[in-house]
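The structure appears below as structure tokens.
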Amino acid sequence: MNSDFFYRPIWQQYLVSVLCCLAVSVMIYLFFIHDIEQQAKLKSNTYQQKITETELLQAKVKRYQTSKNSLYSLISEQDLAQMIEQHHLVLSSFKRYQTAQTVNWDIELNGQFFDFMNLLASLMDDFYFLDFQNLKISKQDQQLQIMFTLLFKKDNE
């Protein structure tokens, strides 16, 4: 090796050695910063998931507490849409009409029978009052077409 490094003045040798050590320590520092940043993002995402879970559980507790006063509670259109989406069903049509005594929702879903049964089970677990009318299930290609009417009686006050 014909290196002239050792023939340079001592202050240049020290300077190059210090700069190399400094460069290596900066690269290690940046690597750890990147790793810590990724861990912080991961913890932030899990925190957001926990917040969402907590909000869902609080909504369930609220529905349960309101259902203690009355045996069952009525489902809203938004709650029904969320439940349908959570159980991997597709809402084909939704029609709402009312008479003097009742409010009717004609609903048509596409999906698997297992998903429909899970939807019904979760609605019952959440203490929703469901009065099914005209339930029809027919097979189309790979999925089922599920049609039914939910009936809600109006309060006469």
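Following the order of the structure tokens, chains are lettered A, B, ..., residues in each are numbered from 1, and ligands are numbered from 1.
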Using DSSP assignments from the backbone, pull out every residue in range 27-150 of chain A that falls under alpha helix (DSSP H) and give it to me as a PyMOL selection string.
chain A and resi 27-69+77-86+113-125
I need the residues of chain A that end up classed as strand (DSSP E) by DSSP on the backbone, written out as a PDB file with N, CA and C atoms, in the first residue's frame.
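Result written to part38.pdb:
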ATOM      1  N   VAL A  90     -73.934  -5.539   0.227  1.00  0.00           N
ATOM      2  CA  VAL A  90     -74.093  -4.409  -0.685  1.00  0.00           C
ATOM      3  C   VAL A  90     -75.563  -4.008  -0.696  1.00  0.00           C
ATOM      4  N   LEU A  91     -75.830  -2.750  -0.425  1.00  0.00           N
ATOM      5  CA  LEU A  91     -77.189  -2.233  -0.434  1.00  0.00           C
ATOM      6  C   LEU A  91     -77.576  -1.908  -1.879  1.00  0.00           C
ATOM      7  N   SER A  92     -78.521  -2.683  -2.434  1.00  0.00           N
ATOM      8  CA  SER A  92     -78.941  -2.469  -3.823  1.00  0.00           C
ATOM      9  C   SER A  92     -80.012  -1.399  -3.915  1.00  0.00           C
ATOM     10  N   SER A  93     -80.962  -1.440  -2.990  1.00  0.00           N
ATOM     11  CA  SER A  93     -81.994  -0.402  -3.007  1.00  0.00           C
ATOM     12  C   SER A  93     -82.521  -0.185  -1.595  1.00  0.00           C
ATOM     13  N   PHE A  94     -82.974   1.033  -1.377  1.00  0.00           N
ATOM     14  CA  PHE A  94     -83.552   1.420  -0.084  1.00  0.00           C
ATOM     15  C   PHE A  94     -84.701   2.366  -0.392  1.00  0.00           C
ATOM     16  N   LYS A  95     -85.863   2.009   0.086  1.00  0.00           N
ATOM     17  CA  LYS A  95     -87.040   2.846  -0.143  1.00  0.00           C
ATOM     18  C   LYS A  95     -87.741   3.047   1.193  1.00  0.00           C
ATOM     19  N   ARG A  96     -88.017   4.297   1.506  1.00  0.00           N
ATOM     20  CA  ARG A  96     -88.680   4.616   2.772  1.00  0.00           C
ATOM     21  C   ARG A  96     -90.027   5.242   2.445  1.00  0.00           C
ATOM     22  N   TYR A  97     -91.072   4.693   3.037  1.00  0.00           N
ATOM     23  CA  TYR A  97     -92.403   5.295   2.875  1.00  0.00           C
ATOM     24  C   TYR A  97     -93.154   5.107   4.182  1.00  0.00           C
ATOM     25  N   GLN A  98     -94.182   5.932   4.345  1.00  0.00           N
ATOM     26  CA  GLN A  98     -94.921   5.872   5.608  1.00  0.00           C
ATOM     27  C   GLN A  98     -96.414   5.970   5.352  1.00  0.00           C
ATOM     28  N   THR A 102     -97.582   3.584  10.379  1.00  0.00           N
ATOM     29  CA  THR A 102     -96.275   2.913  10.299  1.00  0.00           C
ATOM     30  C   THR A 102     -95.318   3.647   9.377  1.00  0.00           C
ATOM     31  N   VAL A 103     -94.038   3.340   9.580  1.00  0.00           N
ATOM     32  CA  VAL A 103     -92.967   3.757   8.667  1.00  0.00           C
ATOM     33  C   VAL A 103     -92.337   2.466   8.158  1.00  0.00           C
ATOM     34  N   ASN A 104     -92.229   2.350   6.842  1.00  0.00           N
ATOM     35  CA  ASN A 104     -91.689   1.132   6.241  1.00  0.00           C
ATOM     36  C   ASN A 104     -90.396   1.437   5.501  1.00  0.00           C
ATOM     37  N   TRP A 105     -89.438   0.516   5.618  1.00  0.00           N
ATOM     38  CA  TRP A 105     -88.200   0.598   4.871  1.00  0.00           C
ATOM     39  C   TRP A 105     -88.119  -0.656   4.010  1.00  0.00           C
ATOM     40  N   ASP A 106     -88.168  -0.498   2.703  1.00  0.00           N
ATOM     41  CA  ASP A 106     -87.941  -1.621   1.796  1.00  0.00           C
ATOM     42  C   ASP A 106     -86.449  -1.653   1.492  1.00  0.00           C
ATOM     43  N   ILE A 107     -85.833  -2.773   1.806  1.00  0.00           N
ATOM     44  CA  ILE A 107     -84.380  -2.889   1.680  1.00  0.00           C
ATOM     45  C   ILE A 107     -84.058  -4.086   0.798  1.00  0.00           C
ATOM     46  N   GLU A 108     -83.103  -3.895  -0.096  1.00  0.00           N
ATOM     47  CA  GLU A 108     -82.631  -4.988  -0.932  1.00  0.00           C
ATOM     48  C   GLU A 108     -81.109  -5.044  -0.796  1.00  0.00           C
ATOM     49  N   LEU A 109     -80.598  -6.220  -0.382  1.00  0.00           N
ATOM     50  CA  LEU A 109     -79.172  -6.420  -0.154  1.00  0.00           C
ATOM     51  C   LEU A 109     -78.646  -7.513  -1.081  1.00  0.00           C
ATOM     52  N   ASN A 110     -77.376  -7.418  -1.419  1.00  0.00           N
ATOM     53  CA  ASN A 110     -76.684  -8.491  -2.128  1.00  0.00           C
ATOM     54  C   ASN A 110     -75.507  -8.917  -1.279  1.00  0.00           C
ATOM     55  N   GLY A 111     -75.299 -10.224  -1.169  1.00  0.00           N
ATOM     56  CA  GLY A 111     -74.176 -10.718  -0.385  1.00  0.00           C
ATOM     57  C   GLY A 111     -74.347 -12.181  -0.060  1.00  0.00           C
ATOM     58  N   PHE A 132     -89.495  -7.592  10.809  1.00  0.00           N
ATOM     59  CA  PHE A 132     -89.337  -7.950   9.401  1.00  0.00           C
ATOM     60  C   PHE A 132     -90.684  -8.302   8.776  1.00  0.00           C
ATOM     61  N   GLN A 133     -90.867  -7.841   7.565  1.00  0.00           N
ATOM     62  CA  GLN A 133     -92.032  -8.190   6.770  1.00  0.00           C
ATOM     63  C   GLN A 133     -91.525  -8.588   5.389  1.00  0.00           C
ATOM     64  N   ASN A 134     -92.195  -9.527   4.753  1.00  0.00           N
ATOM     65  CA  ASN A 134     -91.926  -9.883   3.350  1.00  0.00           C
ATOM     66  C   ASN A 134     -90.466 -10.223   3.086  1.00  0.00           C
ATOM     67  N   LEU A 135     -89.877 -11.111   3.847  1.00  0.00           N
ATOM     68  CA  LEU A 135     -88.484 -11.519   3.636  1.00  0.00           C
ATOM     69  C   LEU A 135     -88.419 -12.473   2.452  1.00  0.00           C
ATOM     70  N   LYS A 136     -87.607 -12.114   1.454  1.00  0.00           N
ATOM     71  CA  LYS A 136     -87.418 -12.946   0.266  1.00  0.00           C
ATOM     72  C   LYS A 136     -85.927 -13.077   0.009  1.00  0.00           C
ATOM     73  N   ILE A 137     -85.484 -14.304  -0.229  1.00  0.00           N
ATOM     74  CA  ILE A 137     -84.077 -14.560  -0.527  1.00  0.00           C
ATOM     75  C   ILE A 137     -84.015 -15.338  -1.837  1.00  0.00           C
ATOM     76  N   SER A 138     -83.269 -14.806  -2.792  1.00  0.00           N
ATOM     77  CA  SER A 138     -83.104 -15.500  -4.067  1.00  0.00           C
ATOM     78  C   SER A 138     -81.632 -15.488  -4.449  1.00  0.00           C
ATOM     79  N   LYS A 139     -81.232 -16.504  -5.224  1.00  0.00           N
ATOM     80  CA  LYS A 139     -79.826 -16.631  -5.601  1.00  0.00           C
ATOM     81  C   LYS A 139     -79.602 -15.977  -6.961  1.00  0.00           C
ATOM     82  N   GLN A 140     -78.536 -15.170  -7.033  1.00  0.00           N
ATOM     83  CA  GLN A 140     -78.142 -14.537  -8.289  1.00  0.00           C
ATOM     84  C   GLN A 140     -76.642 -14.736  -8.451  1.00  0.00           C
ATOM     85  N   GLN A 143     -73.923 -14.670  -5.529  1.00  0.00           N
ATOM     86  CA  GLN A 143     -74.413 -14.064  -4.300  1.00  0.00           C
ATOM     87  C   GLN A 143     -75.920 -14.247  -4.169  1.00  0.00           C
ATOM     88  N   LEU A 144     -76.396 -13.905  -3.000  1.00  0.00           N
ATOM     89  CA  LEU A 144     -77.831 -13.931  -2.745  1.00  0.00           C
ATOM     90  C   LEU A 144     -78.401 -12.529  -2.848  1.00  0.00           C
ATOM     91  N   GLN A 145     -79.638 -12.447  -3.283  1.00  0.00           N
ATOM     92  CA  GLN A 145     -80.376 -11.189  -3.265  1.00  0.00           C
ATOM     93  C   GLN A 145     -81.386 -11.320  -2.133  1.00  0.00           C
ATOM     94  N   ILE A 146     -81.265 -10.458  -1.141  1.00  0.00           N
ATOM     95  CA  ILE A 146     -82.087 -10.519   0.064  1.00  0.00           C
ATOM     96  C   ILE A 146     -82.969  -9.278   0.093  1.00  0.00           C
ATOM     97  N   MET A 147     -84.284  -9.480   0.069  1.00  0.00           N
ATOM     98  CA  MET A 147     -85.234  -8.360   0.083  1.00  0.00           C
ATOM     99  C   MET A 147     -86.129  -8.505   1.313  1.00  0.00           C
ATOM    100  N   PHE A 148     -86.341  -7.406   1.997  1.00  0.00           N
ATOM    101  CA  PHE A 148     -87.230  -7.429   3.160  1.00  0.00           C
ATOM    102  C   PHE A 148     -87.726  -6.023   3.447  1.00  0.00           C
ATOM    103  N   THR A 149     -88.733  -5.957   4.291  1.00  0.00           N
ATOM    104  CA  THR A 149     -89.291  -4.677   4.731  1.00  0.00           C
ATOM    105  C   THR A 149     -89.175  -4.610   6.237  1.00  0.00           C
ATOM    106  N   LEU A 150     -88.647  -3.494   6.730  1.00  0.00           N
ATOM    107  CA  LEU A 150     -88.637  -3.250   8.164  1.00  0.00           C
ATOM    108  C   LEU A 150     -89.817  -2.338   8.477  1.00  0.00           C
ATOM    109  N   LEU A 151     -90.571  -2.709   9.480  1.00  0.00           N
ATOM    110  CA  LEU A 151     -91.792  -1.986   9.843  1.00  0.00           C
ATOM    111  C   LEU A 151     -91.588  -1.321  11.198  1.00  0.00           C
ATOM    112  N   PHE A 152     -91.837  -0.027  11.267  1.00  0.00           N
ATOM    113  CA  PHE A 152     -91.758   0.727  12.510  1.00  0.00           C
ATOM    114  C   PHE A 152     -93.106   1.376  12.764  1.00  0.00           C
ATOM    115  N   LYS A 153     -93.663   1.162  13.945  1.00  0.00           N
ATOM    116  CA  LYS A 153     -94.945   1.770  14.271  1.00  0.00           C
ATOM    117  C   LYS A 153     -94.704   3.156  14.841  1.00  0.00           C
TER     118      LYS A 153
END
Interatomic distance between CA of Ile84 in chain A and CA of Leu119 in chain A?
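Interatomic distance, CA of Ile84 in chain A to CA of Leu119 in chain A: 6.9 Å.
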Just the residues within 12 Å of Gln82 in chain A, please, counting only C-alpha atoms, with nothing from its chain fewer than 4 positions along; format it as a VMD selection string.
chain A and resid 56 75 to 78 86 to 91 119 122 to 123
